file entry-v6.cif (mmCIF, C-alpha atoms)
data_protein
#
loop_
_atom_site.label_atom_id
_atom_site.label_comp_id
_atom_site.auth_asym_id
_atom_site.auth_seq_id
_atom_site.Cartn_x
_atom_site.Cartn_y
_atom_site.Cartn_z
CA SER G 553 230.58 -77.59 49.06
CA HIS G 554 232.73 -78.54 52.05
CA GLY G 555 232.93 -80.89 54.98
CA ARG G 556 230.59 -83.52 56.34
CA GLY G 557 227.14 -82.95 54.90
CA TYR G 558 227.52 -79.23 54.16
CA ARG G 559 226.15 -78.57 50.67
CA PHE G 560 225.74 -74.92 49.79
CA VAL G 561 224.53 -73.03 46.77
CA ALA G 562 224.43 -69.35 45.85
CA PRO G 563 221.76 -67.86 48.15
CA VAL G 564 218.80 -65.66 47.46
CA GLU G 565 218.23 -62.45 49.43
CA ARG G 566 216.65 -63.96 52.48
CA CYS G 567 219.17 -63.86 55.29
CA GLY G 568 218.32 -62.83 58.83
CA ALA G 569 219.61 -59.79 60.68
CA ARG G 570 222.71 -58.20 59.18
CA ALA G 571 225.85 -57.17 61.06
CA ASP G 572 224.28 -53.81 61.95
CA GLY G 573 221.12 -55.49 63.21
CA SER G 574 218.97 -54.50 60.21
CA VAL G 575 216.82 -57.14 58.54
CA GLY G 576 215.92 -55.45 55.26
CA CYS G 577 213.52 -56.41 52.52
CA GLY G 578 214.85 -57.57 49.15
CA SER G 579 213.16 -56.73 45.87
CA ALA G 580 211.88 -60.31 45.58
CA ASP G 581 210.02 -59.90 48.88
CA ARG G 582 207.78 -57.03 47.88
CA GLY G 583 205.42 -58.87 45.58
CA GLU G 584 202.32 -57.37 44.04
CA ASP G 585 200.09 -57.57 47.09
CA GLY G 586 199.53 -54.24 48.83
CA ARG G 587 199.77 -55.88 52.26
CA GLU G 588 203.18 -57.33 51.41
CA ARG G 589 204.44 -53.96 50.23
CA ALA G 590 203.11 -52.37 53.44
CA ALA G 591 204.92 -54.97 55.57
CA CYS G 592 208.17 -54.32 53.69
CA ALA G 593 207.76 -50.57 54.10
CA LEU G 594 207.29 -51.01 57.85
CA LEU G 595 210.40 -53.23 58.06
CA GLU G 596 212.48 -50.64 56.24
CA ARG G 597 211.17 -47.86 58.46
CA ALA G 598 211.96 -49.92 61.57
CA ASP G 599 215.49 -50.58 60.29
CA ASP G 600 216.03 -46.88 59.70
CA VAL G 601 214.92 -46.01 63.25
CA ALA G 602 216.93 -48.89 64.75
CA ARG G 603 220.21 -47.54 63.34
CA ARG G 604 219.73 -44.43 65.49
CA ALA G 605 217.67 -45.69 68.45
CA PRO G 606 217.25 -49.48 68.72
CA ASP G 607 214.74 -49.39 71.57
CA ALA G 608 212.50 -46.93 69.72
CA ALA G 609 212.32 -49.31 66.76
CA ARG G 610 210.83 -52.20 68.75
CA PRO G 611 207.15 -51.16 68.36
CA LEU G 612 207.74 -50.68 64.63
CA TYR G 613 209.23 -54.16 64.25
CA ARG G 614 206.28 -55.60 66.15
CA GLU G 615 203.89 -53.74 63.83
CA ALA G 616 205.83 -54.95 60.78
CA GLY G 617 205.61 -58.53 62.07
CA ALA G 618 201.85 -58.29 62.50
CA ALA G 619 201.52 -56.84 58.97
CA ALA G 620 203.66 -59.65 57.54
CA LYS G 621 201.54 -62.30 59.27
CA ALA G 622 198.35 -60.67 57.97
CA ALA G 623 199.84 -60.77 54.46
CA GLY G 624 200.60 -64.48 54.82
CA ARG G 625 204.37 -63.90 54.81
CA PRO G 626 205.77 -65.65 57.91
CA GLU G 627 209.35 -65.32 56.62
CA LEU G 628 208.99 -61.53 56.72
CA ALA G 629 207.50 -61.82 60.20
CA ALA G 630 210.63 -63.79 61.16
CA ARG G 631 212.81 -60.89 60.01
CA ALA G 632 210.70 -58.49 62.03
CA ALA G 633 211.19 -60.68 65.10
CA LEU G 634 214.96 -60.62 64.56
CA GLY G 635 214.82 -56.84 64.30
CA PHE G 636 212.77 -56.63 67.50
CA ALA G 637 215.31 -58.85 69.28
CA GLY G 638 218.27 -56.76 68.07
CA LEU G 639 221.87 -57.71 68.75
CA PHE G 640 222.69 -59.52 72.00
CA ILE G 641 225.91 -57.74 72.96
CA ARG G 642 226.12 -57.99 76.76
CA PRO G 643 225.65 -60.79 79.29
CA ARG G 644 222.16 -60.70 80.84
CA PRO G 645 219.23 -63.00 81.65
CA PRO G 646 216.76 -63.78 78.83
CA ASP G 647 214.30 -60.99 77.95
CA PRO G 648 210.80 -62.59 78.02
CA SER G 649 209.50 -60.22 75.33
CA VAL G 650 212.37 -61.16 72.98
CA VAL G 651 211.88 -64.88 73.62
CA GLN G 652 208.15 -64.53 72.92
CA GLU G 653 208.64 -62.67 69.62
CA LEU G 654 211.23 -65.16 68.37
CA GLU G 655 209.27 -68.24 69.41
CA GLN G 656 206.04 -66.95 67.87
CA ALA G 657 207.84 -66.21 64.61
CA LEU G 658 209.39 -69.68 64.65
CA ALA G 659 206.02 -71.35 65.27
CA ALA G 660 204.51 -69.61 62.23
CA LEU G 661 207.10 -71.06 59.83
CA THR G 662 206.86 -74.39 58.08
CA ALA G 663 209.39 -77.09 58.89
CA ALA G 664 210.81 -76.66 55.39
CA ASP G 665 211.64 -72.94 55.75
CA HIS G 666 215.19 -73.64 56.89
CA ALA G 667 216.56 -70.26 55.79
CA SER G 668 214.22 -68.38 58.13
CA ARG G 669 214.31 -70.90 60.99
CA SER G 670 218.10 -70.98 61.33
CA PRO G 671 218.68 -67.30 62.32
CA LEU G 672 215.72 -67.42 64.72
CA LEU G 673 217.13 -70.47 66.51
CA ALA G 674 220.57 -68.86 66.67
CA ARG G 675 219.16 -65.66 68.17
CA LEU G 676 217.19 -67.70 70.71
CA ALA G 677 220.42 -69.51 71.63
CA ALA G 678 222.05 -66.13 72.22
CA GLU G 679 219.12 -64.98 74.35
CA HIS G 680 219.52 -68.08 76.51
CA SER G 681 223.32 -67.88 76.66
CA TYR G 682 223.43 -67.07 80.38
CA ASP G 683 220.64 -69.11 81.91
CA ASP G 684 221.07 -72.55 83.48
CA ASP G 685 219.16 -74.62 80.91
CA HIS G 686 222.31 -75.74 79.12
CA GLU G 687 220.58 -78.59 77.28
CA LYS G 688 218.01 -76.21 75.80
CA ARG G 689 220.74 -73.87 74.59
CA MET G 690 222.62 -76.76 72.99
CA ARG G 691 219.44 -77.87 71.21
CA LEU G 692 219.00 -74.34 69.88
CA ARG G 693 222.61 -74.10 68.71
CA THR G 694 222.68 -77.48 67.00
CA GLY G 695 219.23 -76.82 65.54
CA ALA G 696 220.39 -73.51 64.10
CA LEU G 697 223.40 -75.16 62.44
CA GLU G 698 221.32 -78.03 61.07
CA GLU G 699 218.71 -75.64 59.63
CA ALA G 700 221.49 -73.60 57.99
CA ARG G 701 222.95 -76.77 56.51
CA GLU G 702 219.54 -77.82 55.19
CA SER G 703 218.96 -74.40 53.64
CA GLY G 704 221.91 -74.85 51.28
CA ASP G 705 222.39 -71.08 51.57
CA LEU G 706 225.83 -69.73 52.47
CA GLY G 707 224.37 -66.35 53.43
CA VAL G 708 222.12 -68.03 55.99
CA LEU G 709 225.07 -70.03 57.31
CA ILE G 710 227.17 -66.88 57.78
CA THR G 711 224.32 -65.09 59.54
CA THR G 712 223.85 -68.06 61.86
CA LEU G 713 227.53 -68.66 62.63
CA SER G 714 228.13 -64.98 63.36
CA CYS G 715 225.11 -64.45 65.63
CA VAL G 716 226.72 -62.81 68.68
CA PHE G 717 226.67 -64.93 71.87
CA ALA G 718 224.85 -67.81 70.12
CA HIS G 719 228.17 -69.73 69.89
CA VAL G 720 226.90 -71.83 66.98
CA TRP G 721 230.49 -71.82 65.72
CA GLU G 722 231.47 -74.08 68.62
CA VAL G 723 229.05 -76.76 67.36
CA VAL G 724 230.86 -77.04 64.00
CA PRO G 725 233.27 -80.02 64.15
CA THR G 726 236.79 -78.72 64.76
CA ALA G 727 238.16 -80.41 61.63
CA ASP G 728 235.56 -78.65 59.46
CA ARG G 729 235.90 -75.12 60.78
CA ARG G 730 238.71 -73.60 58.77
CA GLY G 731 237.59 -74.96 55.41
CA LEU G 732 233.99 -73.94 56.02
CA VAL G 733 234.83 -70.38 57.05
CA LEU G 734 237.21 -69.97 54.09
CA GLU G 735 234.42 -71.00 51.74
CA CYS G 736 232.02 -68.54 53.40
CA ALA G 737 234.54 -65.68 53.23
CA ALA G 738 235.29 -66.32 49.56
CA TRP G 739 231.58 -66.34 48.72
CA ALA G 740 230.90 -63.10 50.65
CA ARG G 741 233.73 -61.33 48.76
CA LEU G 742 232.53 -62.69 45.42
CA MET G 743 228.97 -61.51 46.06
CA GLY G 744 230.09 -58.09 47.31
CA ARG G 745 228.35 -58.68 50.64
CA ALA G 746 230.50 -56.62 53.01
CA ASP G 747 227.83 -57.01 55.72
CA LEU G 748 228.48 -60.77 55.69
CA GLU G 749 232.18 -60.67 54.85
CA LEU G 750 232.96 -58.76 58.04
CA PRO G 751 231.60 -61.29 60.58
CA VAL G 752 232.82 -64.36 58.73
CA ARG G 753 236.35 -63.01 58.30
CA ALA G 754 236.39 -62.08 61.98
CA LEU G 755 235.59 -65.74 62.67
CA LEU G 756 238.43 -66.75 60.35
CA ALA G 757 240.88 -64.50 62.20
CA GLN G 758 239.73 -65.99 65.52
CA GLU G 759 240.21 -69.52 64.19
CA LEU G 760 243.70 -68.70 62.88
CA VAL G 761 244.69 -67.33 66.30
CA ALA G 762 243.37 -70.50 67.96
CA LEU G 763 245.49 -72.56 65.55
CA GLY G 764 248.57 -70.47 66.37
CA GLN G 765 248.88 -69.19 62.79
CA LEU G 766 249.53 -65.65 63.91
CA GLN G 767 251.01 -64.25 60.71
CA LEU G 768 247.96 -65.33 58.72
CA ALA G 769 245.72 -64.00 61.49
CA GLU G 770 247.51 -60.63 61.36
CA GLU G 771 246.97 -60.44 57.60
CA GLU G 772 243.30 -61.30 58.03
CA LEU G 773 242.84 -58.64 60.71
CA ASP G 774 244.53 -56.07 58.47
CA ALA G 775 241.94 -56.89 55.81
CA VAL G 776 238.87 -57.07 58.03
CA GLU G 777 239.36 -53.96 60.21
CA PRO G 778 238.72 -51.56 57.30
CA LEU G 779 235.42 -53.36 56.70
CA ALA G 780 234.43 -52.77 60.33
CA ARG G 781 235.43 -49.10 60.17
CA ALA G 782 233.55 -48.57 56.90
CA ALA G 783 230.43 -50.14 58.42
CA GLY G 784 230.74 -48.11 61.63
CA ASN G 785 230.73 -51.40 63.52
CA GLY G 786 232.05 -50.38 66.95
CA SER G 787 231.48 -53.73 68.64
CA GLY G 788 233.33 -55.43 65.76
CA LEU G 789 236.32 -53.11 66.15
CA TYR G 790 236.28 -53.75 69.91
CA PHE G 791 236.45 -57.51 69.38
CA LEU G 792 239.12 -57.32 66.67
CA THR G 793 241.29 -55.06 68.84
CA LEU G 794 241.11 -57.53 71.73
CA LEU G 795 242.00 -60.33 69.32
CA ARG G 796 245.14 -58.39 68.38
CA ALA G 797 245.85 -57.98 72.11
CA ALA G 798 245.61 -61.76 72.57
CA MET G 799 248.16 -62.22 69.79
CA ALA G 800 250.51 -59.72 71.41
CA ILE G 801 250.25 -61.55 74.75
CA PHE G 802 250.93 -64.86 73.00
CA VAL G 803 254.27 -63.61 71.62
CA GLY G 804 255.21 -61.77 74.83
CA ASP G 805 254.84 -58.22 73.49
CA PHE G 806 253.23 -56.93 76.67
CA GLY G 807 253.71 -53.23 75.89
CA ARG G 808 251.70 -53.59 72.68
CA ALA G 809 249.15 -55.74 74.47
CA HIS G 810 248.57 -52.98 77.06
CA ARG G 811 248.09 -50.39 74.33
CA LEU G 812 245.59 -52.59 72.53
CA VAL G 813 243.66 -53.43 75.71
CA ASP G 814 243.41 -49.71 76.52
CA LYS G 815 242.28 -48.98 72.96
CA ALA G 816 239.62 -51.71 73.19
CA PHE G 817 238.26 -50.20 76.40
CA GLU G 818 237.86 -46.81 74.73
CA LEU G 819 236.18 -48.41 71.71
CA GLY G 820 233.85 -50.41 73.95
CA ARG G 821 232.75 -47.38 75.91
CA ARG G 822 231.36 -45.83 72.72
CA VAL G 823 229.15 -48.80 71.83
CA LYS G 824 225.64 -48.41 73.20
CA GLY G 825 224.66 -51.50 75.19
CA LEU G 826 228.07 -53.18 75.05
CA GLU G 827 229.30 -54.52 78.38
CA VAL G 828 233.01 -53.73 78.12
CA PHE G 829 233.74 -55.57 81.35
CA ASP G 830 233.51 -58.99 79.74
CA LEU G 831 236.12 -59.65 77.06
CA TRP G 832 238.08 -56.61 78.22
CA VAL G 833 238.37 -57.92 81.78
CA ALA G 834 239.23 -61.39 80.52
CA GLN G 835 242.03 -60.06 78.34
CA SER G 836 243.28 -57.82 81.15
CA VAL G 837 243.45 -60.81 83.50
CA VAL G 838 245.32 -62.96 80.98
CA LEU G 839 247.77 -60.10 80.38
CA GLY G 840 248.34 -59.58 84.10
CA VAL G 841 249.06 -63.26 84.72
CA ALA G 842 251.35 -63.46 81.67
CA GLU G 843 253.36 -60.55 83.06
CA GLY G 844 253.72 -62.28 86.42
CA LYS G 845 251.40 -59.77 88.13
CA ALA G 846 248.64 -62.14 89.23
CA THR G 847 248.36 -60.65 92.74
CA GLN G 848 247.88 -57.09 91.48
CA THR G 849 245.47 -58.31 88.81
CA LEU G 850 243.45 -60.18 91.44
CA ALA G 851 243.10 -57.00 93.48
CA LEU G 852 241.83 -55.12 90.40
CA HIS G 853 239.43 -57.63 88.89
CA GLU G 854 238.49 -60.39 91.34
CA ARG G 855 235.26 -58.72 92.49
CA VAL G 856 234.03 -58.11 88.93
CA LEU G 857 234.63 -61.78 88.08
CA ALA G 858 232.95 -63.01 91.26
CA ASP G 859 229.91 -60.82 90.63
CA SER G 860 229.60 -61.83 86.97
CA GLY G 861 227.77 -65.04 87.88
CA ILE G 862 228.61 -66.57 84.47
CA PRO G 863 230.72 -69.73 84.07
CA SER G 864 233.43 -68.06 81.98
CA GLY G 865 233.92 -65.32 84.58
CA LEU G 866 234.02 -67.80 87.46
CA CYS G 867 236.48 -70.09 85.65
CA LEU G 868 238.70 -67.07 85.08
CA ARG G 869 238.40 -66.15 88.77
CA ALA G 870 239.42 -69.67 89.88
CA TRP G 871 242.48 -69.57 87.61
CA LEU G 872 243.45 -66.07 88.76
CA LEU G 873 243.14 -67.05 92.43
CA ALA G 874 245.39 -70.07 91.83
CA GLU G 875 247.98 -68.05 89.91
CA ALA G 876 248.01 -65.46 92.71
CA GLY G 877 248.74 -68.15 95.29
CA GLU G 878 245.27 -68.07 96.86
CA ARG G 879 244.91 -71.84 96.76
CA ALA G 880 242.12 -72.35 99.30
CA PRO G 881 239.59 -70.05 97.61
CA ALA G 882 240.74 -71.36 94.21
CA ARG G 883 239.94 -74.93 95.34
CA GLU G 884 236.55 -73.80 96.64
CA GLU G 885 235.67 -72.08 93.35
CA LEU G 886 236.91 -75.08 91.38
CA ARG G 887 234.80 -77.53 93.41
CA SER G 888 231.75 -75.30 93.08
CA LEU G 889 232.12 -74.92 89.31
CA LEU G 890 232.62 -78.61 88.63
CA ALA G 891 229.81 -79.64 90.99
CA ARG G 892 227.40 -77.31 89.21
CA HIS G 893 228.56 -77.58 85.62
CA GLY G 894 230.66 -80.75 85.41
CA PRO G 895 227.96 -83.07 84.00
CA HIS G 896 227.38 -80.74 81.05
CA PHE G 897 230.72 -78.93 80.84
CA GLN G 898 231.13 -79.55 77.11
CA ILE G 899 227.86 -77.81 76.27
CA LEU G 900 228.73 -74.62 78.13
CA THR G 901 229.54 -71.66 75.89
CA ALA G 902 233.29 -71.14 75.44
CA TRP G 903 233.88 -74.48 77.15
CA GLU G 904 237.26 -75.08 75.51
CA GLY G 905 238.89 -72.00 77.04
CA ASN G 906 237.16 -72.63 80.35
CA ALA G 907 238.39 -76.23 80.45
CA ALA G 908 241.97 -75.14 79.72
CA GLN G 909 241.86 -72.60 82.57
CA LEU G 910 240.38 -75.08 85.02
CA ALA G 911 242.89 -77.77 84.04
CA THR G 912 245.69 -75.33 84.85
CA THR G 913 243.95 -74.33 88.08
CA SER G 914 243.58 -77.98 89.09
CA ALA G 915 247.28 -78.62 88.49
CA ILE G 916 248.31 -75.57 90.54
CA VAL G 917 246.14 -76.44 93.55
CA GLY G 918 246.95 -80.17 93.43
CA PHE G 919 243.62 -81.57 92.20
CA ASP G 920 245.29 -84.01 89.82
CA THR G 921 242.11 -86.01 89.20
CA TYR G 922 240.25 -82.93 88.02
CA SER G 923 243.21 -81.90 85.89
CA ARG G 924 243.35 -85.28 84.12
CA VAL G 925 239.60 -85.30 83.43
CA LEU G 926 239.71 -81.79 81.95
CA LEU G 927 242.77 -82.54 79.84
CA ASP G 928 241.02 -85.63 78.48
CA LEU G 929 238.11 -83.42 77.40
CA LEU G 930 240.56 -81.15 75.54
CA ALA G 931 242.65 -83.94 73.97
CA PRO G 932 240.60 -84.22 70.74
CA LEU G 933 241.25 -80.51 70.05
CA SER G 934 245.02 -80.73 70.23
#
call {"tool": "encode", "arguments": {"input": "entry-v6.cif", "output": "structure tokens"}}
result
Amino acid sequence: SHGRGYRFVAPVERCGARADGSVGCGSADRGEDGRERAACALLERADDVARRAPDAARPLYREAGAAAKAAGRPELAARAALGFAGLFIRPRPPDPSVVQELEQALAALTAADHASRSPLLARLAAEHSYDDDHEKRMRLRTGALEEARESGDLGVLITTLSCVFAHVWEVVPTADRRGLVLECAAWARLMGRADLELPVRALLAQELVALGQLQLAEEELDAVEPLARAAGNGSGLYFLTLLRAAMAIFVGDFGRAHRLVDKAFELGRRVKGLEVFDLWVAQSVVLGVAEGKATQTLALHERVLADSGIPSGLCLRAWLLAEAGERAPAREELRSLLARHGPHFQILTAWEGNAAQLATTSAIVGFDTYSRVLLDLLAPLS
């Protein structure tokens, strides 16, 4: 076990959606009842279709969920709901049909079924990642982490922490993160669970970069990229490549950073449903500013950031405007962002990076009060 109140045991086969979006059906799930076997067969068929055509699998997951409910197996219905929801891999408003499936599956579970509740709450948090009900999203994120903790199941914890766009990882106390993710990674390797080792080791690499431990991060990326290639995980390779680009920018190797950013764009274009103009644009902007080319970068990317409508994109736009010497519009964007999001800034997704950018923006444009407030928010992380 590790950290404050995290007590984990070897899990049973009952995790939520895997890295490829499949939900599966372990041998312990099949039972002797014909209806249970039928529900499992439908889940497996839906998974098979989803690997080739995710949208075509949705009716099958819905059918599997109904069969699981009829068999009195709400935990299987929860897996079907996760399959129906699929992976959230691009910024967009919540899909009402996804929200409905997840909430209905959640309502059918008992309060004690922590292992099934945690991934559902995480996926709901992801679905709500770009609406304005920040308090609801925070409740979902903290609820997902608490349910994972209560489950005592490391597999459930990994599934929950690695749910894309749920940002449950940000709810883990900073002091606990590295130890917790090391424990998860060691367990996934021991159990031969490559589907769980990949996302948790990607989290570890990200945490090592954030801590400035770049040599260790490089070694971790060297180990995790083959897992992503073996799994055919294009979105994972896209993210890992951009993480390498961030490391190259950090050490001033701009030529390598450009090559990696270009490689990430090509990888992203091959992933169905992935919005490559999110992390890719962000990394391109950071690279341009680091090279002293803020004005040219503004001309290339300012409109995309302005049109994104999401806090991270608008924070990046404010910083880019300031770095390019466009102080008046930078001040306007800064005022707008803090007026709208200031009261709940620390529960925004990716708030730490956003706060750092806005603190820099405030200093450049002369809003010293804003800068001090934002730096105070970041002080506990230093």
call {"tool": "atom_distance", "arguments": {"input": "entry-v6.cif", "atom1": "CA of Asp684 in chain G", "atom2": "CA of Leu900 in chain G"}}
result
9.6 Å
call {"tool": "resolve_selection", "arguments": {"input": "entry-v6.cif", "expression": "the PyMOL selection byres ((chain G and resi 867) around 12)", "output": "ChimeraX atom specification"}}
result
/G:834,837,854,857-858,860-866,868-874,882-890,893,897,900,902-914
call {"tool": "resolve_selection", "arguments": {"input": "entry-v6.cif", "expression": "the PyMOL selection byres ((chain G and resi 660-676) around 9)", "output": "VMD selection string"}}
result
chain G and resid 566 to 569 621 626 to 631 633 to 634 637 to 640 650 to 651 654 to 659 677 to 681 689 692 to 705 708 to 709 711 to 713 715 to 720
call {"tool": "closest_residue", "arguments": {"input": "entry-v6.cif", "among": "G:Leu839, G:Leu792, G:Val856, G:Ala593", "to": "Arg808 in chain G", "atoms": "all atoms listed in the file"}}
result
G:Leu839
call {"tool": "atom_distance", "arguments": {"input": "entry-v6.cif", "atom1": "CA of Ala842 in chain G", "atom2": "CA of Ala809 in chain G"}}
result
10.8 Å
call {"tool": "residues_around", "arguments": {"input": "entry-v6.cif", "residues": "Glu843 in chain G", "least_positions_apart": "4", "cutoff": "12 Å", "atoms": "all atoms listed in the file", "output": "PyMOL selection string"}}
result
chain G and resi 801-807+809-810+836-839+847-849+875
call {"tool": "closest_atom_pairs", "arguments": {"input": "entry-v6.cif", "of": "range 737-763 of chain G", "to": "range 767-790 of chain G", "cutoff": "10 Å", "atoms": "all atoms listed in the file", "output": "Markdown table"}}
result
| residue | atom | partner | partner_atom | distance |
| --- | --- | --- | --- | --- |
| G:Ala746 | CA | G:Leu779 | CA | 7.0 |
| G:Asp747 | CA | G:Ala783 | CA | 7.8 |
| G:Glu749 | CA | G:Leu779 | CA | 8.2 |
| G:Leu750 | CA | G:Leu779 | CA | 6.1 |
| G:Pro751 | CA | G:Gly788 | CA | 8.0 |
| G:Val752 | CA | G:Val776 | CA | 9.5 |
| G:Arg753 | CA | G:Val776 | CA | 6.5 |
| G:Ala754 | CA | G:Val776 | CA | 6.8 |
| G:Leu756 | CA | G:Glu772 | CA | 7.7 |
| G:Ala757 | CA | G:Ala769 | CA | 4.9 |
| G:Gln758 | CA | G:Ala769 | CA | 7.5 |
| G:Glu759 | CA | G:Ala769 | CA | 8.3 |
| G:Leu760 | CA | G:Ala769 | CA | 5.3 |
| G:Val761 | CA | G:Ala769 | CA | 5.9 |
| G:Ala762 | CA | G:Ala769 | CA | 9.5 |
| G:Leu763 | CA | G:Ala769 | CA | 9.5 |
call {"tool": "atom_distance", "arguments": {"input": "entry-v6.cif", "atom1": "CA of Ala800 in chain G", "atom2": "CA of Asp814 in chain G"}}
result
13.3 Å
call {"tool": "axis_aligned_box", "arguments": {"input": "entry-v6.cif", "around": "range 772-788 of chain G", "padding_each_side": "3 Å", "output": "JSON"}}
result
{"center_x": 237.5, "center_y": -54.7, "center_z": 62.2, "size_x": 20.1, "size_y": 19.2, "size_z": 18.8}
call {"tool": "closest_residue", "arguments": {"input": "entry-v6.cif", "among": "G:Ala623, G:Gly877, G:Gln898, G:Lys688", "to": "Lys845 in chain G", "atoms": "all atoms listed in the file"}}
result
G:Gly877
call {"tool": "resolve_selection", "arguments": {"input": "entry-v6.cif", "expression": "the PyMOL selection byres ((chain G and resi 737) around 9)", "output": "VMD selection string"}}
result
chain G and resid 710 732 to 736 738 to 742 748 to 750 752 to 753 756
call {"tool": "closest_residue", "arguments": {"input": "entry-v6.cif", "among": "G:Thr726, G:Glu687, G:Leu755, G:Arg625", "to": "Ser714 in chain G", "atoms": "only C-alpha atoms"}}
result
G:Leu755
call {"tool": "closest_residue", "arguments": {"input": "entry-v6.cif", "among": "G:Glu596, G:Leu831, G:Ala622, G:His686", "to": "Pro895 in chain G", "atoms": "all atoms listed in the file"}}
result
G:His686
call {"tool": "residues_around", "arguments": {"input": "entry-v6.cif", "residues": "Ala632 in chain G", "least_positions_apart": "4", "cutoff": "9 Å", "atoms": "all atoms listed in the file", "output": "VMD selection string"}}
result
chain G and resid 575 595 598 612 to 618 620 627 to 628 636 to 637 653 657
call {"tool": "closest_residue", "arguments": {"input": "entry-v6.cif", "among": "G:Gly840, G:Gly624, G:Gly731, G:Gly894", "to": "Leu929 in chain G", "atoms": "all atoms listed in the file"}}
result
G:Gly894
